[in-house]
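What follows is data_23.tsv (TSV, C-alpha atoms).
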chain	number	residue	atom	x	y	z
E	1	ARG	CA	-9.97	14.01	-0.09
E	2	PHE	CA	-6.24	14.42	0.00
E	3	ILE	CA	-4.36	12.12	2.35
E	4	THR	CA	-0.73	12.65	3.22
E	5	TYR	CA	1.45	9.84	4.50
E	6	PHE	CA	4.50	10.30	6.70
E	7	GLY	CA	6.70	7.47	7.89
E	8	TYR	CA	10.06	7.04	9.53
E	9	LYS	CA	12.22	4.00	10.14
E	10	PHE	CA	14.02	4.53	13.44
E	11	ASN	CA	15.94	1.27	13.07
E	12	ASP	CA	15.44	-2.23	11.68
E	13	TRP	CA	12.56	-2.99	14.02
E	14	ILE	CA	10.82	0.28	14.99
E	15	VAL	CA	8.80	2.05	12.27
E	16	LEU	CA	6.47	5.06	12.43
E	17	ASN	CA	3.41	5.18	10.14
E	18	THR	CA	1.01	8.14	9.94
E	19	GLU	CA	-1.79	9.43	7.72
E	20	ILE	CA	-3.36	12.89	7.86
E	21	GLU	CA	-6.56	13.30	5.86
E	22	PHE	CA	-7.95	16.54	4.46
E	23	GLU	CA	-11.65	16.01	3.70
E	24	HIS	CA	-13.90	18.24	1.57
E	25	GLY	CA	-11.23	20.87	1.16
E	26	ALA	CA	-10.71	20.83	4.96
E	27	ASN	CA	-12.96	23.90	5.17
E	28	ALA	CA	-14.55	23.46	8.60
E	29	GLY	CA	-17.26	26.03	7.85
E	30	ASN	CA	-18.35	23.92	4.88
E	31	GLY	CA	-18.24	20.49	6.50
E	32	GLY	CA	-14.57	19.87	5.85
E	33	LYS	CA	-12.09	18.64	8.40
E	34	THR	CA	-8.53	17.57	9.01
E	35	VAL	CA	-8.19	14.16	10.66
E	36	VAL	CA	-5.32	12.07	11.98
E	37	GLU	CA	-6.44	8.82	10.36
E	38	PHE	CA	-3.68	6.75	11.94
E	39	LEU	CA	-0.49	7.37	13.83
E	40	TYR	CA	1.32	4.40	15.33
E	41	LEU	CA	4.62	2.70	15.98
E	42	ASP	CA	5.25	-0.81	14.69
E	43	PHE	CA	7.66	-2.94	16.69
E	44	LEU	CA	8.75	-5.62	14.21
E	45	LEU	CA	9.79	-8.49	16.45
E	46	SER	CA	9.39	-11.45	14.09
E	47	GLN	CA	7.24	-12.65	11.22
E	48	GLU	CA	4.99	-14.42	13.71
E	49	VAL	CA	4.65	-11.70	16.38
E	50	ASN	CA	4.72	-7.92	15.98
E	51	VAL	CA	3.29	-5.08	18.09
E	52	ARG	CA	1.50	-1.90	16.97
E	53	LEU	CA	0.80	0.95	19.42
E	54	GLY	CA	-0.98	4.26	18.88
E	55	HIS	CA	-3.93	5.43	16.82
E	56	VAL	CA	-4.73	2.47	14.57
E	57	LEU	CA	-7.07	1.29	11.84
E	58	VAL	CA	-9.55	-1.24	13.24
E	59	PRO	CA	-8.92	-4.65	11.56
E	60	MET	CA	-12.51	-5.32	10.46
E	61	GLY	CA	-13.89	-6.02	6.99
E	62	LEU	CA	-12.14	-5.55	3.65
E	63	VAL	CA	-12.14	-1.81	2.98
E	64	ASN	CA	-11.13	-0.38	6.36
E	65	LEU	CA	-7.54	-1.62	6.21
E	66	ARG	CA	-7.17	-1.04	2.45
E	67	HIS	CA	-9.35	1.97	1.67
E	68	GLU	CA	-7.32	3.68	-1.05
E	69	PRO	CA	-9.37	4.28	-4.25
E	70	THR	CA	-7.15	2.02	-6.37
E	71	LEU	CA	-8.04	-0.98	-4.19
E	72	PHE	CA	-11.84	-1.23	-4.64
E	73	ASN	CA	-13.90	-0.97	-7.81
E	74	THR	CA	-16.77	1.38	-7.04
E	75	VAL	CA	-16.50	5.17	-6.95
E	76	GLN	CA	-17.87	5.19	-3.40
E	77	ARG	CA	-17.07	2.56	-0.82
E	78	PRO	CA	-19.72	-0.15	-0.36
E	79	GLU	CA	-22.43	1.27	1.90
E	80	ILE	CA	-22.17	-1.79	4.14
E	81	GLU	CA	-18.54	-0.86	4.85
E	82	LYS	CA	-19.69	2.66	5.64
E	83	ASN	CA	-22.79	2.14	7.78
E	84	LEU	CA	-22.30	-1.33	9.31
E	85	ILE	CA	-18.49	-1.49	9.37
E	86	PRO	CA	-17.91	2.25	9.75
E	87	SER	CA	-14.94	2.77	7.45
E	88	THR	CA	-12.73	4.60	7.83
E	89	TRP	CA	-12.73	3.37	11.43
E	90	HIS	CA	-9.72	4.31	13.54
E	91	GLU	CA	-9.30	4.30	17.31
E	92	ASN	CA	-6.61	4.41	19.98
E	93	GLY	CA	-5.29	0.97	20.79
E	94	ALA	CA	-2.68	-1.76	20.82
E	95	LEU	CA	-2.37	-4.65	18.34
E	96	VAL	CA	-0.42	-7.87	18.09
E	97	TYR	CA	-0.19	-9.27	14.57
E	98	GLY	CA	1.77	-11.72	12.47
E	99	ARG	CA	1.82	-14.52	9.95
E	100	PHE	CA	2.43	-18.27	10.16
E	101	ASP	CA	3.72	-19.36	6.76
E	102	ASN	CA	3.41	-23.08	7.47
E	103	ALA	CA	-0.32	-22.69	8.03
E	104	ASN	CA	-0.85	-19.81	5.54
E	105	ILE	CA	-2.57	-17.83	8.28
E	106	GLU	CA	-2.38	-14.13	9.15
E	107	TYR	CA	-3.84	-12.87	12.42
E	108	THR	CA	-4.45	-9.72	14.46
E	109	ALA	CA	-5.50	-9.37	18.11
E	110	ALA	CA	-6.24	-5.90	19.46
E	111	VAL	CA	-7.54	-3.79	22.32
E	112	ILE	CA	-9.04	-0.51	21.10
E	113	ASN	CA	-11.28	2.32	22.23
E	114	ALA	CA	-14.89	1.08	22.15
E	115	LEU	CA	-17.67	2.45	19.97
E	116	ASN	CA	-20.14	4.67	21.79
E	117	LEU	CA	-23.59	3.37	20.81
E	118	ASN	CA	-25.22	5.32	23.63
E	119	ASN	CA	-25.94	8.11	21.14
E	120	LYS	CA	-28.98	9.87	19.74
E	121	TYR	CA	-28.90	7.90	16.49
E	122	THR	CA	-29.49	4.59	18.28
E	123	ILE	CA	-32.91	5.82	19.46
E	124	ASP	CA	-33.91	8.39	16.79
E	125	ASN	CA	-36.47	6.83	14.43
E	126	ASP	CA	-35.43	9.03	11.50
E	127	THR	CA	-31.64	8.66	11.67
E	128	GLN	CA	-31.15	5.16	13.07
E	129	SER	CA	-29.34	4.04	9.92
E	130	LYS	CA	-26.27	5.93	11.28
E	131	TRP	CA	-26.22	4.41	14.77
E	132	ILE	CA	-23.01	2.40	14.23
E	133	ARG	CA	-21.15	4.96	12.13
E	134	GLU	CA	-21.84	7.80	14.56
E	135	GLY	CA	-20.49	5.66	17.42
E	136	ARG	CA	-16.90	6.12	16.29
E	137	LEU	CA	-14.75	8.21	18.61
E	138	GLY	CA	-11.62	8.43	16.47
E	139	SER	CA	-8.82	10.88	17.09
E	140	SER	CA	-10.88	14.06	17.34
E	141	LYS	CA	-13.16	13.50	20.35
E	142	GLU	CA	-12.62	13.09	24.06
E	143	ALA	CA	-14.01	9.95	25.65
E	144	SER	CA	-13.36	7.62	28.52
E	145	PHE	CA	-11.34	4.62	27.40
E	146	GLU	CA	-13.73	1.69	27.58
E	147	PRO	CA	-11.90	-1.25	26.03
E	148	ALA	CA	-13.11	-3.29	23.10
E	149	PHE	CA	-11.46	-6.44	21.80
E	150	VAL	CA	-10.92	-7.26	18.14
E	151	GLY	CA	-9.68	-10.47	16.57
E	152	ARG	CA	-9.05	-11.25	12.93
E	153	MET	CA	-7.78	-14.30	11.04
E	154	ASP	CA	-7.20	-14.75	7.29
E	155	TYR	CA	-6.28	-17.89	5.35
E	156	THR	CA	-4.25	-17.54	2.14
E	157	GLY	CA	-3.36	-21.15	1.35
E	158	VAL	CA	-5.12	-21.27	-2.03
E	159	ASN	CA	-3.52	-19.31	-4.85
E	160	GLY	CA	-5.36	-16.00	-5.36
E	161	LEU	CA	-7.81	-16.62	-2.50
E	162	LEU	CA	-8.09	-14.92	0.88
E	163	VAL	CA	-10.86	-15.99	3.24
E	164	GLY	CA	-11.26	-14.90	6.83
E	165	ALA	CA	-13.30	-13.47	9.66
E	166	SER	CA	-13.17	-10.60	12.16
E	167	VAL	CA	-14.85	-10.22	15.56
E	168	TYR	CA	-15.37	-7.14	17.74
E	169	TYR	CA	-16.67	-7.14	21.34
E	170	GLY	CA	-16.83	-4.18	23.70
E	171	GLU	CA	-18.76	-1.77	25.88
E	172	GLY	CA	-21.73	-0.13	24.18
E	173	SER	CA	-21.64	3.05	26.26
E	174	ASN	CA	-18.37	4.97	26.16
E	175	LEU	CA	-18.98	8.50	27.39
E	176	ALA	CA	-16.73	11.13	28.88
E	177	ASP	CA	-19.62	12.16	31.14
E	178	ASP	CA	-20.24	9.18	33.42
E	179	VAL	CA	-23.54	10.69	34.60
E	180	ASN	CA	-25.09	9.61	31.30
E	181	ASP	CA	-23.33	6.27	31.16
E	182	VAL	CA	-25.40	3.09	30.89
E	183	SER	CA	-23.96	-0.06	32.43
E	184	GLY	CA	-24.52	-3.50	30.95
E	185	LEU	CA	-24.55	-2.29	27.34
E	186	THR	CA	-22.31	-4.42	25.09
E	187	THR	CA	-21.66	-4.58	21.37
E	188	THR	CA	-20.79	-7.64	19.30
E	189	MET	CA	-19.82	-7.27	15.64
E	190	PHE	CA	-18.46	-9.85	13.24
E	191	ASP	CA	-17.80	-10.25	9.55
E	192	ILE	CA	-16.94	-13.12	7.23
E	193	HIS	CA	-15.01	-11.94	4.18
E	194	ALA	CA	-13.27	-13.25	1.08
E	195	THR	CA	-11.33	-12.02	-1.95
E	196	TYR	CA	-10.28	-13.91	-5.07
E	197	ASP	CA	-7.96	-12.73	-7.84
E	198	ASN	CA	-7.16	-15.00	-10.77
E	199	GLY	CA	-5.80	-13.20	-13.81
E	200	PRO	CA	-8.47	-11.00	-15.41
E	201	PHE	CA	-11.20	-12.24	-13.03
E	202	SER	CA	-11.54	-11.04	-9.43
E	203	ALA	CA	-14.21	-11.02	-6.75
E	204	TYR	CA	-14.64	-9.87	-3.18
E	205	GLY	CA	-17.41	-9.58	-0.60
E	206	LEU	CA	-18.50	-10.07	2.98
E	207	TYR	CA	-21.32	-10.61	5.42
E	208	THR	CA	-21.49	-8.64	8.68
E	209	GLN	CA	-23.75	-8.44	11.72
E	210	THR	CA	-23.85	-6.22	14.81
E	211	ASN	CA	-25.82	-6.83	18.02
E	212	LEU	CA	-26.33	-4.35	20.86
E	213	ASP	CA	-27.09	-6.29	24.04
E	214	GLY	CA	-28.94	-4.30	26.68
E	215	ALA	CA	-30.45	-1.86	24.16
E	216	GLU	CA	-33.69	-1.84	26.17
E	217	LYS	CA	-31.82	0.17	28.83
E	218	LEU	CA	-31.58	3.06	26.39
E	219	ASP	CA	-35.15	3.25	25.08
E	220	SER	CA	-37.97	1.13	23.72
E	221	ASP	CA	-37.10	2.59	20.29
E	222	ALA	CA	-33.41	1.57	20.44
E	223	VAL	CA	-31.78	-0.53	17.73
E	224	GLU	CA	-30.67	-4.03	18.71
E	225	LYS	CA	-29.32	-5.51	15.49
E	226	ALA	CA	-27.98	-4.69	12.02
E	227	SER	CA	-26.77	-7.00	9.26
E	228	GLY	CA	-25.96	-7.10	5.58
E	229	TYR	CA	-23.84	-8.53	2.79
E	230	TYR	CA	-22.35	-7.53	-0.54
E	231	ALA	CA	-20.46	-9.11	-3.43
E	232	ASN	CA	-18.40	-7.54	-6.20
E	233	VAL	CA	-17.20	-9.36	-9.33
E	234	SER	CA	-15.06	-7.93	-12.11
E	235	TYR	CA	-13.34	-8.92	-15.34
E	236	ASP	CA	-10.48	-7.07	-16.99
E	237	VAL	CA	-11.53	-6.68	-20.66
E	238	ALA	CA	-8.36	-4.84	-21.70
E	239	SER	CA	-7.01	-7.74	-23.77
E	240	LEU	CA	-10.37	-8.20	-25.47
E	241	VAL	CA	-10.41	-4.62	-26.74
E	242	GLY	CA	-6.71	-4.38	-27.53
E	243	LEU	CA	-5.60	-2.17	-24.62
E	244	LYS	CA	-2.32	-2.57	-22.76
E	245	TYR	CA	-3.85	-0.89	-19.69
E	246	ALA	CA	-6.14	-2.53	-17.12
E	247	LEU	CA	-9.86	-2.02	-17.78
E	248	PRO	CA	-11.93	-4.05	-15.28
E	249	VAL	CA	-15.69	-4.05	-15.76
E	250	PHE	CA	-17.61	-4.86	-12.57
E	251	ALA	CA	-20.97	-5.47	-10.95
E	252	GLN	CA	-21.76	-5.17	-7.24
E	253	TYR	CA	-24.80	-6.20	-5.21
E	254	GLU	CA	-25.52	-4.96	-1.66
E	255	ASN	CA	-28.35	-5.94	0.66
E	256	TYR	CA	-28.45	-4.68	4.24
E	257	ASN	CA	-30.64	-3.41	7.05
E	258	PRO	CA	-29.02	-1.15	9.67
E	259	VAL	CA	-32.17	-1.47	11.80
E	260	GLU	CA	-32.96	-5.15	11.39
E	261	LYS	CA	-34.23	-5.41	14.95
E	262	ARG	CA	-35.49	-2.87	17.50
E	263	VAL	CA	-36.48	-3.29	21.14
E	264	ASP	CA	-40.16	-2.59	20.39
E	265	GLY	CA	-40.20	-4.54	17.10
E	266	ASN	CA	-41.52	-1.56	15.13
E	267	PHE	CA	-40.28	-0.06	11.83
E	268	GLU	CA	-37.77	-2.86	11.29
E	269	ASP	CA	-38.20	-2.78	7.49
E	270	LYS	CA	-37.93	1.00	7.23
E	271	PHE	CA	-34.21	1.10	6.43
E	272	GLN	CA	-33.97	-2.09	4.38
E	273	THR	CA	-31.63	-1.24	1.49
E	274	GLU	CA	-30.81	-2.94	-1.81
E	275	ILE	CA	-28.18	-1.57	-4.21
E	276	VAL	CA	-27.01	-2.74	-7.63
E	277	THR	CA	-23.95	-1.04	-9.11
E	278	ILE	CA	-22.34	-1.57	-12.51
E	279	GLY	CA	-19.29	0.23	-13.80
E	280	LEU	CA	-15.70	0.16	-14.98
E	281	ASN	CA	-12.23	1.27	-13.96
E	282	PHE	CA	-9.41	2.46	-16.22
E	283	PHE	CA	-5.83	2.22	-14.96
E	284	PRO	CA	-3.49	4.31	-17.15
E	285	ALA	CA	-0.86	3.39	-14.54
E	286	ASP	CA	-0.86	0.82	-11.75
E	287	GLN	CA	-1.33	3.52	-9.11
E	288	VAL	CA	-3.79	5.77	-10.98
E	289	VAL	CA	-7.45	4.97	-11.62
E	290	LEU	CA	-10.34	6.66	-13.42
E	291	LYS	CA	-13.70	5.26	-12.31
E	292	SER	CA	-17.31	5.45	-13.41
E	293	ASP	CA	-20.37	3.56	-12.23
E	294	TYR	CA	-24.17	3.56	-12.30
E	295	THR	CA	-25.96	2.78	-9.03
E	296	MET	CA	-29.57	1.65	-8.66
E	297	LYS	CA	-30.62	2.00	-5.03
E	298	ASP	CA	-33.89	1.13	-3.29
E	299	ASP	CA	-34.20	2.31	0.33
E	300	VAL	CA	-36.34	4.38	2.69
E	301	ASN	CA	-36.22	7.27	0.21
E	302	GLY	CA	-37.52	5.16	-2.66
E	303	LYS	CA	-35.69	4.25	-5.84
E	304	GLN	CA	-32.69	6.37	-6.79
E	305	ASN	CA	-30.39	6.01	-9.78
E	306	THR	CA	-26.99	7.73	-9.67
E	307	PHE	CA	-24.16	8.06	-12.18
E	308	SER	CA	-20.77	8.72	-10.59
E	309	PHE	CA	-17.30	9.52	-11.89
E	310	GLY	CA	-14.15	9.62	-9.82
E	311	LEU	CA	-10.40	9.48	-9.95
E	312	GLY	CA	-7.83	8.31	-7.48
E	313	PHE	CA	-4.11	7.79	-7.06
E	314	ILE	CA	-1.67	6.51	-4.49
E	315	PHE	CA	2.10	6.87	-4.27
Output the file's structure in the form of structure tokens.
Amino acid sequence: RFITYFGYKFNDWIVLNTEIEFEHGANAGNGGKTVVEFLYLDFLLSQEVNVRLGHVLVPMGLVNLRHEPTLFNTVQRPEIEKNLIPSTWHENGALVYGRFDNANIEYTAAVINALNLNNKYTIDNDTQSKWIREGRLGSSKEASFEPAFVGRMDYTGVNGLLVGASVYYGEGSNLADDVNDVSGLTTTMFDIHATYDNGPFSAYGLYTQTNLDGAEKLDSDAVEKASGYYANVSYDVASLVGLKYALPVFAQYENYNPVEKRVDGNFEDKFQTEIVTIGLNFFPADQVVLKSDYTMKDDVNGKQNTFSFGLGFIF
């Protein structure tokens, strides 16, 4: 992936931010693509109240808003923030956001384009693990604008600690072709998240859950619920081994089920997934990282062990 950023400051209070992502070499014949990941105007009114309009990142979870490779430990993003919170998740919308210093609280309230969970993955027994991720409409597909509402609040009053929650509520069927639309289908998603950074020690993690109300209107095989959690802890051992560069060693545990509940009650353990990952990062510069990790995964395909190596940079 190569992601280019373009920004422009029109004046002291109107700023343009954009990202264009080139995935997998951007060779469409080989699964690659070029995506407008976000493109919006910020209207900086005050510290407490600002407005963002355009194609925006959805303010859910930990990775979606801060998904650059220098900002999380594993080579791949946590699967929970891929399949349950479908990072990178970007939609058309409008946000109001700000910070209240006296209360140490940051907030976001948004109206965005809703997920379309009236899709084949929601009712296909073999691919139901993708039902949330494949509901994204993003910048590349045409769809009717069914609104969804997102709220987020984070508390930062303890040194090194951030703790907060996000909530999403919207239509579950968001199709351009109204003939296939299903009324009375609604989606509720929430997460509770936290990060802690205290010198060489750091930790982050979250719990998330999604419910599809009215799933029985789609099919008796439809998914109704998904949930999961993960935690990542790390310690920078650079000083212990005499290095002047950061060298965090980490461990991560994930446990989730993208098909925790179905309308008919069948096959609800099929996609239960448990993942343990251990690894390290090496930062030769603050904005450059070399990563390696070893993942032990147990899911519908059995037990799989994978060694990964990656590099990333941001400037």
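When the distance limit is 12 Å and only C-alpha atoms are what count, the residues near Ala194 of chain E, minus those fewer than 3 positions from it on the same chain, are Gly61, Leu62, Val63, Met153, Asp154, Tyr155, Thr156, Val158, Gly160, Leu161, Leu162, Val163, Gly164, Ala165, Ser166, Asp191, Asp197, Ser202, Ala203, Tyr204, Gly205, Leu206, Tyr207, Tyr229, Tyr230, Ala231, Asn232 and Val233 of chain E.
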Contacts of Leu53 of chain E at 8 Å (only C-alpha atoms; same-chain gap of 6+ positions) as a PyMOL selection string: chain E and resi 40-42+93-95
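Near Gly138 of chain E, within 10 Å and counting only C-alpha atoms, sit Val35, Val36, Glu37, Phe38, His55, Val56, Leu57, Thr88, Trp89, His90, Glu91, Asn92, Asn113, Ala114, Leu115, Gly135, Lys141, Glu142 and Ala143 of chain E, not including residues fewer than 3 positions from it in the same chain.
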List the residues sitting within 10 Å of (-5.0, -9.4, -13.2) in the file's frame, using all atoms listed in the file, as a short mmCIF file (atom, residue, chain, number, x, y, z; two decimals) with C-alpha atoms, in the frame of the given file.
data_model
loop_
_atom_site.label_atom_id
_atom_site.label_comp_id
_atom_site.auth_asym_id
_atom_site.auth_seq_id
_atom_site.Cartn_x
_atom_site.Cartn_y
_atom_site.Cartn_z
CA ASP E 197 -7.96 -12.73 -7.84
CA ASN E 198 -7.16 -15.00 -10.77
CA GLY E 199 -5.80 -13.20 -13.81
CA PRO E 200 -8.47 -11.00 -15.41
CA PHE E 201 -11.20 -12.24 -13.03
CA SER E 202 -11.54 -11.04 -9.43
CA TYR E 235 -13.34 -8.92 -15.34
CA ASP E 236 -10.48 -7.07 -16.99
CA ALA E 246 -6.14 -2.53 -17.12
CA LEU E 247 -9.86 -2.02 -17.78
CA PRO E 248 -11.93 -4.05 -15.28
#
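For the atom pair formed by atom CA of Thr70 of chain E and atom CA of Thr195 of chain E, the distance is 15.3 Å, given to one decimal.
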Adding 6 Å on each side of the box along x, y and z that holds all listed atoms of segment 194-211 of chain E, could you give its centre and edge lengths in Å to one decimal, as AutoDock Vina command-line options?
--center_x -15.8 --center_y -10.6 --center_z 1.3 --size_x 32.0 --size_y 20.8 --size_z 45.4
Given only C-alpha atoms as the counted atoms, nearest of E:Lys130, E:Asn301, E:Gly279, E:Ala226 to Phe72 of chain E: E:Gly279
Distance criterion (all atoms listed in the file): nearest to Ile278 of chain E out of E:Asn266, E:Lys303, E:Asn73, E:Arg136: E:Asn73
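Checking E:Gly98, E:Gly151, E:Gly214, E:Gly157 one by one against Glu171 of chain E, counting all atoms listed in the file, you find the shortest gap at E:Gly214.
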All residues 12 Å or closer to Leu71 of chain E, only C-alpha atoms, same chain fewer than 5 positions away omitted, as a VMD selection string: chain E and resid 62 to 66 76 to 77 195 202 204 281 283 286 to 289 291 312 to 314
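Atom CA of Phe149 of chain E is found 8.0 Å from atom CA of Val167 of chain E.
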Output file request: segment 152-188 of chain E, with C-alpha atoms, as a JSON list (two decimals), in the first residue's frame.
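Written output follows (decode-v2.json):
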[["chain", "number", "residue", "atom", "x", "y", "z"],
["E", 152, "ARG", "CA", -17.79, 8.94, 20.29],
["E", 153, "MET", "CA", -16.40, 10.19, 23.60],
["E", 154, "ASP", "CA", -12.88, 9.81, 25.04],
["E", 155, "TYR", "CA", -11.57, 10.73, 28.49],
["E", 156, "THR", "CA", -7.90, 11.72, 28.86],
["E", 157, "GLY", "CA", -7.77, 13.01, 32.43],
["E", 158, "VAL", "CA", -5.23, 10.46, 33.69],
["E", 159, "ASN", "CA", -1.67, 10.86, 32.45],
["E", 160, "GLY", "CA", -0.97, 8.39, 29.63],
["E", 161, "LEU", "CA", -4.50, 6.95, 29.66],
["E", 162, "LEU", "CA", -7.29, 7.28, 27.11],
["E", 163, "VAL", "CA", -10.57, 5.49, 27.74],
["E", 164, "GLY", "CA", -13.74, 5.87, 25.73],
["E", 165, "ALA", "CA", -16.63, 4.44, 23.77],
["E", 166, "SER", "CA", -18.19, 4.72, 20.31],
["E", 167, "VAL", "CA", -21.75, 3.96, 19.15],
["E", 168, "TYR", "CA", -23.18, 3.50, 15.65],
["E", 169, "TYR", "CA", -26.89, 3.24, 14.76],
["E", 170, "GLY", "CA", -28.39, 3.18, 11.29],
["E", 171, "GLU", "CA", -30.41, 1.50, 8.57],
["E", 172, "GLY", "CA", -29.36, -2.06, 7.79],
["E", 173, "SER", "CA", -30.48, -1.99, 4.16],
["E", 174, "ASN", "CA", -28.92, 0.73, 2.03],
["E", 175, "LEU", "CA", -29.39, -0.17, -1.63],
["E", 176, "ALA", "CA", -29.45, 1.88, -4.79],
["E", 177, "ASP", "CA", -32.16, -0.43, -6.11],
["E", 178, "ASP", "CA", -35.17, 0.13, -3.86],
["E", 179, "VAL", "CA", -36.91, -2.95, -5.30],
["E", 180, "ASN", "CA", -34.60, -5.10, -3.17],
["E", 181, "ASP", "CA", -34.73, -2.87, -0.13],
["E", 182, "VAL", "CA", -35.89, -4.32, 3.20],
["E", 183, "SER", "CA", -37.63, -1.98, 5.61],
["E", 184, "GLY", "CA", -37.27, -2.28, 9.37],
["E", 185, "LEU", "CA", -33.66, -3.50, 9.25],
["E", 186, "THR", "CA", -31.42, -1.59, 11.68],
["E", 187, "THR", "CA", -27.82, -1.94, 12.82],
["E", 188, "THR", "CA", -26.40, -1.12, 16.24]]
